[in-house]
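Working notes, structure below.
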Amino acid sequence: MKILFIGDVVGKPGRDILSAQIGRLKSKYSPTFMLVNGENAANGRGITKKIYQQFLELGFHGVTMGNHTWDNRDIFDWIDDADRIVRPANYPDGTPGVGMMVLKQSGKKLAVINVMGTVFLPSLDCPFRTVDALVEEIRGEVDAIFVDMHAEATSEKIAMGYHLDGRVQAVVGTIRTSRRLTTGF
């Protein structure tokens with residue numbers, strides 16, 4: 001199974017580059033699943049339904065979010081009906097949307113989990129306890145588990161990687177701030 005993950009796509013320039021390059025990336029890597037972090041896709045602040053649909057039209061199987069999930073207020077009108085977007089799972093119970101989804105492609109099942117760190121970000125439920133519960137819930141039901149740890153502190157992303165070592169197949173770190181762009185670790 002190959003997973004192509006793009007994060008963070010920032011504003012129209014990021015979407016334009018993605019649109020221009022996605023065909024080449026698909027051809028070069030032949031991914032089973034394509035995921036994108038879209039929490040900055042609308043001018044660096046959230047996502048719109050139109051942009052979400054554009055990502056799906058480009059062939060993305062799923063969209064992860066982060067601390068800018070709610071910046072475009074219209075998301076409350078459609079996130080519960082969108083089956084291929086995950087917001088951070090460690091938001092409190094009752095928050096619209098979901099924090100984990102299972103994607104099916106080419107006979108494979110991929111669980112995609114999105115959690116948000118708490119260092120230099122608004123305080124949420126513990127991302128480590130949240131991801132533990134979700135991994136336990138989905139274990140044995142999917143071929144692979146992919147975690148997008150959306151966090152400011154690189155150390156928090158690295159800690160999540162160590163925490164999940166041997167229990168999931170991929171942990172990536174995303175964030176976009178005015179100071180830096182950090183993806184992966």
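Identifiers for the structure tokens are assigned positionally: chains receive A, B, ... in sequence, residues are indexed from 1 per chain, and ligands are indexed from 1 in the order shown.
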
Secondary structure check, strand (DSSP E or B) residues of range 60-135 of chain A, as a CSV table (one decimal) with C-alpha atoms, in the first residue's frame:
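Writing the result to states30.csv gives the following:
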```csv
chain,number,residue,atom,x,y,z
A,62,GLY,CA,-9.4,12.1,2.3
A,63,VAL,CA,-8.8,15.5,3.8
A,64,THR,CA,-7.4,16.1,7.3
A,85,ILE,CA,-12.9,14.8,5.9
A,86,VAL,CA,-11.6,14.5,9.5
A,100,MET,CA,-11.4,9.2,12.3
A,101,MET,CA,-12.5,7.7,8.9
A,102,VAL,CA,-11.9,4.4,7.1
A,103,LEU,CA,-11.2,4.6,3.5
A,104,LYS,CA,-11.5,1.7,1.1
A,105,GLN,CA,-9.5,1.4,-2.2
A,108,LYS,CA,-7.5,-2.2,1.1
A,109,LYS,CA,-8.8,-0.4,4.2
A,110,LEU,CA,-7.0,2.6,5.7
A,111,ALA,CA,-8.0,4.3,8.9
A,112,VAL,CA,-7.1,8.0,8.9
A,113,ILE,CA,-6.9,9.7,12.3
A,114,ASN,CA,-6.5,13.4,12.9
A,115,VAL,CA,-5.4,14.8,16.3
A,116,MET,CA,-4.2,18.2,17.4
```

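Near Val171 in chain A, within 6 Å and counting only C-alpha atoms, sit Val147, Asp148 and Gly161 of chain A, not including residues fewer than 3 positions from it in the same chain.
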
Can you pull out the residues contacting Gly44 in chain A? Cut-off 9 Å, using only C-alpha atoms, and skip same-chain residues under 3 positions away; I want them as a PyMOL selection string. chain A and resi 9-12+39-41+47+68+176

Step one, run DSSP on the backbone; step two, keep only residues of range 63-111 of chain A assigned to helix (DSSP H, G or I); then write them as a VMD selection string. chain A and resid 75 to 81

Skipping near chain neighbours, those fewer than 2 positions away, what residues fall within 7 Å of Asn90 in chain A using only C-alpha atoms, listed as a count of residues only? 9

Using only C-alpha atoms, which protein or nucleic acid residues come within 12 Å of Met34 in chain A? Drop anything in the same chain fewer than 2 positions from it, and give the result as a VMD selection string. chain A and resid 1 to 7 22 to 23 25 to 26 29 to 32 36 to 37 55 to 64 84 103 to 105 110 112 146

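Here CA of Asp132 in chain A and CA of Tyr91 in chain A stand 14.7 Å from one another.
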
What lies within 6 Å of range 151-158 of chain A using only C-alpha atoms, ignoring chain neighbours under 4 positions off, as a ChimeraX atom specification? /A:116-117,173,175
